[in-house]
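Shown next: input.cif, containing mmCIF, C-alpha atoms.
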```
data_my_file
loop_
_atom_site.label_atom_id
_atom_site.label_comp_id
_atom_site.auth_asym_id
_atom_site.auth_seq_id
_atom_site.Cartn_x
_atom_site.Cartn_y
_atom_site.Cartn_z
CA MET A 180 -28.48 -54.00 -20.67
CA THR A 181 -25.40 -53.39 -22.77
CA ILE A 182 -23.54 -50.13 -22.17
CA SER A 183 -21.63 -48.95 -25.18
CA ARG A 184 -18.13 -47.53 -24.98
CA ARG A 185 -19.49 -44.22 -26.33
CA THR A 186 -22.14 -44.08 -23.59
CA THR A 187 -19.51 -44.76 -20.91
CA LEU A 188 -17.25 -42.00 -22.24
CA ALA A 189 -20.15 -39.56 -22.31
CA ALA A 190 -21.02 -40.41 -18.74
CA ILE A 191 -17.44 -39.79 -17.65
CA ILE A 192 -17.38 -36.41 -19.38
CA LEU A 193 -20.71 -35.39 -17.82
CA ALA A 194 -19.56 -36.50 -14.38
CA GLY A 195 -16.33 -34.50 -14.77
CA ALA A 196 -18.23 -31.42 -15.87
CA ALA A 197 -20.58 -31.74 -12.94
CA ALA A 198 -17.67 -32.04 -10.52
CA THR A 199 -15.94 -29.01 -12.04
CA GLY A 200 -19.17 -27.03 -11.87
CA ALA A 201 -19.54 -27.95 -8.23
CA MET A 202 -16.04 -26.60 -7.55
CA TRP A 203 -16.74 -23.14 -8.97
CA PRO A 204 -19.21 -22.08 -6.26
CA ALA A 205 -16.80 -23.37 -3.62
CA ALA A 206 -13.89 -21.41 -5.11
CA THR A 207 -16.05 -18.30 -5.39
CA ALA A 208 -17.26 -18.65 -1.81
CA GLN A 209 -13.67 -19.10 -0.64
CA ALA A 210 -12.61 -15.87 -2.38
CA GLN A 211 -15.60 -14.03 -0.94
CA ASP A 212 -14.70 -15.22 2.57
CA TRP A 213 -11.11 -13.98 2.12
CA PRO A 214 -9.15 -13.13 4.18
CA THR A 215 -9.35 -15.77 6.89
CA LYS A 216 -5.67 -15.58 7.92
CA PRO A 217 -2.79 -13.05 7.78
CA VAL A 218 -1.79 -11.60 4.40
CA ARG A 219 1.88 -11.02 3.64
CA ILE A 220 2.94 -7.90 1.71
CA VAL A 221 6.41 -8.49 0.27
CA ILE A 222 8.71 -5.54 -0.46
CA GLY A 223 11.74 -6.03 -2.70
CA PHE A 224 13.76 -3.42 -0.81
CA GLY A 225 15.15 -2.95 2.69
CA ALA A 226 13.53 -1.23 5.63
CA GLY A 227 13.48 2.56 5.71
CA GLY A 228 13.09 3.26 2.00
CA GLY A 229 10.09 4.98 0.42
CA THR A 230 8.37 1.73 -0.59
CA ASP A 231 8.82 0.28 2.89
CA ILE A 232 7.59 3.40 4.69
CA VAL A 233 4.46 3.84 2.57
CA THR A 234 3.61 0.13 2.87
CA ARG A 235 3.90 0.20 6.66
CA ILE A 236 1.70 3.29 6.86
CA ILE A 237 -1.00 1.43 4.92
CA ALA A 238 -0.60 -2.06 6.43
CA GLN A 239 -1.98 -1.42 9.93
CA PRO A 240 -5.21 0.36 8.90
CA LEU A 241 -5.68 -2.19 6.09
CA SER A 242 -5.51 -4.91 8.76
CA GLU A 243 -8.34 -3.15 10.58
CA ALA A 244 -10.40 -2.61 7.42
CA LEU A 245 -10.20 -6.27 6.34
CA ALA A 246 -10.12 -7.84 9.82
CA GLN A 247 -6.88 -9.80 9.31
CA PRO A 248 -3.24 -8.81 9.80
CA PHE A 249 -1.38 -7.47 6.76
CA VAL A 250 2.27 -8.24 7.56
CA VAL A 251 5.15 -6.44 5.82
CA ASP A 252 8.01 -8.74 4.74
CA ASN A 253 11.21 -7.17 3.32
CA LYS A 254 13.03 -9.30 0.73
CA PRO A 255 15.68 -6.90 -0.61
CA GLY A 256 18.13 -7.53 -3.42
CA ALA A 257 18.77 -7.25 -7.15
CA GLY A 258 16.81 -4.05 -7.64
CA GLY A 259 13.64 -5.46 -6.11
CA THR A 260 13.55 -8.51 -8.37
CA ILE A 261 14.13 -11.09 -5.60
CA GLY A 262 10.93 -10.07 -3.85
CA ALA A 263 9.05 -9.83 -7.14
CA ASP A 264 10.12 -13.36 -8.12
CA LEU A 265 8.99 -14.73 -4.76
CA VAL A 266 5.52 -13.27 -5.23
CA ALA A 267 5.24 -14.22 -8.89
CA LYS A 268 5.74 -17.86 -7.86
CA ALA A 269 3.58 -17.71 -4.72
CA ALA A 270 0.20 -19.41 -4.35
CA LYS A 271 -2.62 -17.53 -6.07
CA ASP A 272 -4.77 -17.58 -2.94
CA GLY A 273 -4.63 -13.90 -1.99
CA TYR A 274 -2.28 -14.36 0.97
CA THR A 275 0.91 -13.05 -0.68
CA ALA A 276 1.01 -9.58 -2.25
CA LEU A 277 3.81 -7.34 -3.51
CA MET A 278 4.22 -3.59 -3.15
CA ILE A 279 6.11 -2.29 -6.18
CA SER A 280 7.43 1.09 -7.25
CA THR A 281 8.63 2.72 -10.45
CA GLY A 282 11.73 0.56 -10.08
CA HIS A 283 9.66 -2.47 -11.12
CA THR A 284 9.30 -1.04 -14.63
CA VAL A 285 12.96 -0.01 -14.81
CA ALA A 286 14.10 -3.50 -13.75
CA ALA A 287 11.98 -4.94 -16.55
CA VAL A 288 14.26 -3.31 -19.14
CA MET A 289 17.58 -3.40 -17.27
CA TYR A 290 17.80 -7.15 -16.58
CA LYS A 291 18.44 -9.44 -19.55
CA SER A 292 16.53 -12.37 -18.14
CA LEU A 293 14.22 -12.04 -15.18
CA PRO A 294 12.78 -15.24 -13.66
CA TYR A 295 9.29 -13.75 -14.08
CA GLU A 296 7.27 -11.67 -16.56
CA SER A 297 6.96 -8.11 -15.23
CA VAL A 298 3.40 -7.71 -16.56
CA LYS A 299 1.94 -11.16 -17.19
CA ASP A 300 2.92 -12.70 -13.84
CA PHE A 301 1.13 -10.13 -11.69
CA GLU A 302 -2.44 -9.09 -11.03
CA PRO A 303 -2.64 -5.31 -10.42
CA VAL A 304 -4.75 -4.07 -7.52
CA ALA A 305 -4.08 -0.33 -7.53
CA MET A 306 -1.52 2.42 -7.50
CA VAL A 307 -1.73 3.89 -4.01
CA ALA A 308 0.53 6.96 -4.08
CA ASN A 309 2.78 9.08 -6.27
CA THR A 310 6.26 10.41 -5.60
CA ALA A 311 8.39 13.07 -7.26
CA MET A 312 11.97 13.14 -8.51
CA VAL A 313 13.91 16.34 -7.92
CA PHE A 314 16.96 17.68 -9.75
CA ALA A 315 19.16 19.36 -7.13
CA ALA A 316 22.60 21.00 -7.42
CA HIS A 317 25.25 22.03 -4.92
CA LYS A 318 24.72 25.56 -3.70
CA ASP A 319 27.63 27.01 -5.72
CA PHE A 320 26.65 25.46 -9.06
CA LYS A 321 26.44 28.13 -11.75
CA ALA A 322 22.99 27.04 -12.94
CA GLY A 323 19.94 27.88 -10.84
CA ASN A 324 17.34 26.11 -12.98
CA ILE A 325 17.03 23.55 -15.77
CA LYS A 326 17.19 26.15 -18.55
CA GLU A 327 20.52 27.41 -17.22
CA LEU A 328 21.74 23.82 -16.72
CA ILE A 329 21.03 23.05 -20.38
CA ALA A 330 22.84 26.21 -21.50
CA ALA A 331 25.86 25.34 -19.34
CA ALA A 332 25.93 21.78 -20.67
CA LYS A 333 25.80 22.96 -24.29
CA ALA A 334 28.63 25.43 -23.60
CA ALA A 335 30.84 22.69 -22.10
CA PRO A 336 29.86 19.26 -23.51
CA GLY A 337 30.76 16.36 -21.25
CA LYS A 338 32.00 18.57 -18.41
CA ILE A 339 28.92 18.69 -16.19
CA LYS A 340 28.61 15.66 -13.91
CA PHE A 341 25.48 14.27 -12.29
CA GLY A 342 25.09 11.49 -9.77
CA THR A 343 22.55 8.80 -8.99
CA VAL A 344 22.31 5.74 -6.75
CA GLY A 345 23.16 3.40 -9.60
CA LEU A 346 23.42 2.64 -13.29
CA GLY A 347 19.98 1.73 -14.59
CA SER A 348 18.19 3.07 -11.50
CA THR A 349 14.97 5.09 -11.78
CA GLN A 350 17.03 8.16 -10.92
CA HIS A 351 19.51 7.43 -13.70
CA PHE A 352 16.72 6.92 -16.23
CA SER A 353 15.09 10.19 -15.11
CA ALA A 354 18.32 12.09 -15.82
CA GLU A 355 18.90 10.18 -19.05
CA LEU A 356 15.44 11.17 -20.27
CA LEU A 357 16.36 14.81 -19.63
CA ARG A 358 19.66 14.36 -21.46
CA GLN A 359 17.89 12.90 -24.49
CA MET A 360 15.05 15.42 -24.61
CA ALA A 361 17.36 18.43 -24.15
CA ASP A 362 20.08 16.97 -26.40
CA ILE A 363 22.93 17.65 -23.97
CA ASP A 364 26.16 15.83 -23.14
CA ILE A 365 26.48 15.27 -19.37
CA LYS A 366 28.48 12.66 -17.44
CA HIS A 367 26.89 10.11 -15.12
CA ILE A 368 28.56 8.92 -11.90
CA ALA A 369 26.94 6.17 -9.82
CA TYR A 370 27.15 5.95 -6.02
CA ARG A 371 26.36 3.09 -3.66
CA ASN A 372 23.55 4.85 -1.76
CA THR A 373 21.83 8.18 -1.14
CA PRO A 374 24.09 9.38 1.74
CA ALA A 375 27.20 8.82 -0.41
CA LEU A 376 25.51 10.60 -3.33
CA VAL A 377 24.53 13.64 -1.26
CA ALA A 378 28.02 13.81 0.28
CA ALA A 379 29.52 13.84 -3.24
CA LEU A 380 27.23 16.67 -4.27
CA ARG A 381 27.93 18.78 -1.19
CA SER A 382 31.68 18.37 -1.75
CA THR A 383 31.16 19.45 -5.44
CA GLU A 384 32.49 16.12 -6.72
CA ILE A 385 29.40 16.22 -8.94
CA ASP A 386 27.28 19.16 -10.07
CA PHE A 387 23.75 17.84 -9.58
CA LEU A 388 21.82 14.75 -8.60
CA VAL A 389 18.41 13.20 -9.17
CA GLU A 390 16.62 11.77 -6.13
CA PRO A 391 13.11 11.30 -4.73
CA VAL A 392 12.29 14.69 -3.29
CA HIS A 393 11.71 13.41 0.26
CA THR A 394 15.34 12.24 0.56
CA VAL A 395 16.87 15.69 0.02
CA ILE A 396 14.11 18.18 0.84
CA GLY A 397 15.69 18.85 4.25
CA GLN A 398 19.00 19.88 2.69
CA ILE A 399 17.16 21.98 0.08
CA ARG A 400 15.14 23.82 2.72
CA ALA A 401 18.27 24.36 4.82
CA GLY A 402 20.01 25.93 1.81
CA ASP A 403 22.73 23.27 1.60
CA LEU A 404 21.46 22.18 -1.83
CA LYS A 405 19.44 24.07 -4.39
CA ALA A 406 16.52 22.62 -6.30
CA LEU A 407 16.67 23.05 -10.07
CA ALA A 408 13.34 21.41 -10.94
CA ILE A 409 10.83 18.71 -10.09
CA GLY A 410 10.23 15.92 -12.60
CA THR A 411 6.45 15.69 -12.30
CA PRO A 412 4.19 16.95 -15.11
CA LYS A 413 2.65 19.54 -12.75
CA ARG A 414 4.13 21.32 -9.74
CA TRP A 415 4.31 19.02 -6.72
CA ALA A 416 1.91 19.95 -3.94
CA ALA A 417 4.54 19.29 -1.27
CA THR A 418 7.04 21.65 -2.98
CA PRO A 419 4.95 24.21 -4.92
CA ASP A 420 7.88 26.65 -5.11
CA ILE A 421 9.99 24.27 -7.23
CA PRO A 422 9.24 24.59 -10.98
CA THR A 423 8.81 21.51 -13.17
CA VAL A 424 11.33 20.40 -15.79
CA ALA A 425 8.61 20.89 -18.40
CA GLU A 426 8.05 24.54 -17.53
CA SER A 427 11.81 25.13 -17.28
CA GLY A 428 12.65 24.54 -20.92
CA VAL A 429 11.89 20.87 -21.65
CA PRO A 430 8.19 20.66 -22.56
CA GLY A 431 6.74 17.17 -22.33
CA TYR A 432 9.16 15.92 -19.68
CA ASP A 433 7.20 13.69 -17.29
CA VAL A 434 8.53 11.34 -14.62
CA LEU A 435 6.00 10.60 -11.92
CA GLY A 436 7.10 8.04 -9.35
CA TRP A 437 4.60 5.70 -7.72
CA TYR A 438 3.91 2.84 -5.31
CA GLY A 439 1.31 0.16 -6.03
CA LEU A 440 0.04 -3.24 -4.92
CA VAL A 441 -0.09 -6.45 -6.99
CA TYR A 442 -0.85 -10.13 -6.43
CA PRO A 443 0.36 -13.17 -8.39
CA ALA A 444 -1.42 -13.51 -11.74
CA GLY A 445 -4.50 -15.70 -11.45
CA THR A 446 -5.52 -14.43 -8.01
CA ALA A 447 -9.32 -14.37 -7.75
CA LYS A 448 -11.07 -11.19 -8.91
CA ALA A 449 -13.04 -11.17 -5.65
CA VAL A 450 -9.77 -10.89 -3.71
CA ILE A 451 -8.58 -8.05 -5.95
CA ALA A 452 -11.89 -6.23 -5.47
CA LYS A 453 -11.94 -6.66 -1.67
CA THR A 454 -8.33 -5.48 -1.40
CA HIS A 455 -9.13 -2.44 -3.55
CA ASP A 456 -12.15 -1.63 -1.37
CA GLY A 457 -9.95 -1.92 1.72
CA LEU A 458 -7.35 0.39 0.23
CA ARG A 459 -10.03 2.94 -0.63
CA THR A 460 -11.27 2.91 2.96
CA VAL A 461 -7.72 3.35 4.28
CA LEU A 462 -6.58 6.02 1.83
CA GLU A 463 -9.65 8.16 2.45
CA ARG A 464 -8.54 8.66 6.05
CA GLU A 465 -7.01 12.08 6.63
CA ALA A 466 -4.50 10.68 9.11
CA VAL A 467 -3.18 8.22 6.51
CA LYS A 468 -3.00 10.93 3.84
CA GLU A 469 -1.02 13.13 6.21
CA GLN A 470 1.39 10.35 7.13
CA ILE A 471 2.06 9.57 3.47
CA ALA A 472 2.45 13.27 2.66
CA LYS A 473 5.18 13.54 5.31
CA THR A 474 7.23 11.04 3.28
CA GLY A 475 7.02 13.34 0.24
CA ALA A 476 4.42 11.18 -1.49
CA LEU A 477 0.77 11.94 -2.22
CA VAL A 478 -2.16 9.50 -2.13
CA ASN A 479 -3.48 8.54 -5.57
CA LEU A 480 -5.72 5.46 -5.69
CA THR A 481 -6.27 4.14 -9.22
CA SER A 482 -8.33 1.28 -10.56
CA ALA A 483 -6.69 -2.09 -11.20
CA GLY A 484 -6.97 -1.55 -14.95
CA GLU A 485 -5.40 1.92 -14.82
CA PHE A 486 -2.51 0.61 -12.76
CA GLY A 487 -1.91 -2.28 -15.14
CA GLN A 488 -1.82 0.14 -18.08
CA GLN A 489 0.61 2.40 -16.21
CA ILE A 490 3.02 -0.49 -15.69
CA ALA A 491 2.92 -1.56 -19.35
CA THR A 492 3.26 2.01 -20.65
CA GLU A 493 6.25 2.76 -18.44
CA ILE A 494 8.09 -0.41 -19.44
CA ALA A 495 7.78 0.63 -23.08
CA LYS A 496 8.92 4.18 -22.23
CA TRP A 497 12.00 3.08 -20.29
CA ARG A 498 12.91 0.55 -22.96
CA MET A 499 13.10 3.37 -25.51
CA VAL A 500 15.22 5.46 -23.13
CA ARG A 501 17.56 2.51 -22.55
CA ASP A 502 17.94 1.78 -26.27
CA LYS A 503 18.54 5.40 -27.21
CA ALA A 504 21.15 5.69 -24.45
CA GLY A 505 22.88 2.53 -25.61
CA LEU A 506 22.69 1.06 -22.12
CA GLU A 507 23.38 -2.63 -21.70
CA ALA A 508 20.92 -4.74 -19.73
CA LYS A 509 22.57 -6.50 -16.78
#
```

Could you write out this file's structure as structure tokens?
Amino acid sequence: MTISRRTTLAAIILAGAAATGAMWPAATAQAQDWPTKPVRIVIGFGAGGGTDIVTRIIAQPLSEALAQPFVVDNKPGAGGTIGADLVAKAAKDGYTALMISTGHTVAAVMYKSLPYESVKDFEPVAMVANTAMVFAAHKDFKAGNIKELIAAAKAAPGKIKFGTVGLGSTQHFSAELLRQMADIDIKHIAYRNTPALVAALRSTEIDFLVEPVHTVIGQIRAGDLKALAIGTPKRWAATPDIPTVAESGVPGYDVLGWYGLVYPAGTAKAVIAKTHDGLRTVLEREAVKEQIAKTGALVNLTSAGEFGQQIATEIAKWRMVRDKAGLEAK
């Protein structure tokens, strides 16, 4: 019997298709069996920061919920981009995840060339919690709220100084958004870290700062600093006595910080779903909610799709702020 070249080619194609089809159930079963070994959660920042603390609060109960250790691995540097690059290039097997914060979207517009795509190279799982930025002044500053700050800035353009932990940081962008929306001329001074920033404010080297509320709430409650406003769209549950920027004279101002989990793009949907289910179980626990609340954050579990949209929307928002401010990407 003579076998034609066309028949041979067809047989090869059919055999390949059959082999590929046979692999799909195996891959699906593997994802459904996940996890069968420890999962690493990379953080692009050092120990002790908000991202690190929230991740560690979640990691242990998540290990219990999914019956495998979830191990926190700090890879600090370059505004969180070193850790993000590591995860973007990791195997897509569900054993390397990344906890990101608002800084991920700021880095996307403040670095000229990142070694990864901030949206396309990651598979969102969920936002897990929100944080708040607070505008706080030294206790002798003439303004007691944002409306008075704006009036003072308009009366003395370029004279009022504010501080943040760095040019192009989330804190800097939060203040820059206020500057743009209120149309005021204020001077930015960057410091190397939060302790140096707070020391500069207390010594009146600067007039006000922008920081995550949990980092300065102690000094505010002690009366060493005074809160001007919170950046969230609604009053923050942890600090209900502090008015929002929006209600203090800048309607529409909205900066809501967050923490959220992602995997490398291409990670199986079954892994994403099981991780999300595990997070839901963990974040419904009152003890976990209370622990996170003590850091100044509040639990807020979103869907994967909602989180992905949040990331994309914020990158576009911060890009407009950067361009309007004339800031140069690093």

Best match for closeness to A:Gln359 among A:Val266, A:Ala447, A:Ile329, A:Ile399, counting all atoms listed in the file: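 For A:Gln359, the nearest of the candidates is A:Ile329.
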
Straight-line distance linking atom CA of A:Gly259 with atom CA of A:Ala286, stated in Å to one decimal: 7.9 Å

Selected residue of minimal separation from A:Val307 among A:Ile421, A:Leu346, A:Ile236, A:Ile396, counting only C-alpha atoms: A:Ile236

Reference answer for the PyMOL selection byres ((chain A and resi 490) around 9), as a list in words: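 So the PyMOL selection byres ((chain A and resi 490) around 9), applied here, picks out Thr281, His283, Thr284, Ser297, Val298, Glu485, Phe486, Gly487, Gln488, Gln489, Ala491, Thr492, Glu493, Ile494 and Ala495 of chain A.
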
Polymer residues at most 12 Å from (9.0, 8.1, 8.4) by only C-alpha atoms, as a ChimeraX atom specification: /A:226-236,393-394,469-476

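Checking A:Thr383, A:Leu293, A:Asn324, A:Gly345 one by one against A:Val424, counting all atoms listed in the file, you find the shortest gap at A:Asn324.
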
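All residues of protein, DNA or RNA that reach within 6 Å of A:Phe314, judged by all atoms listed in the file and not counting those fewer than 2 positions away in the chain, are Leu388, Val389, Leu407 and Ala408 of chain A.
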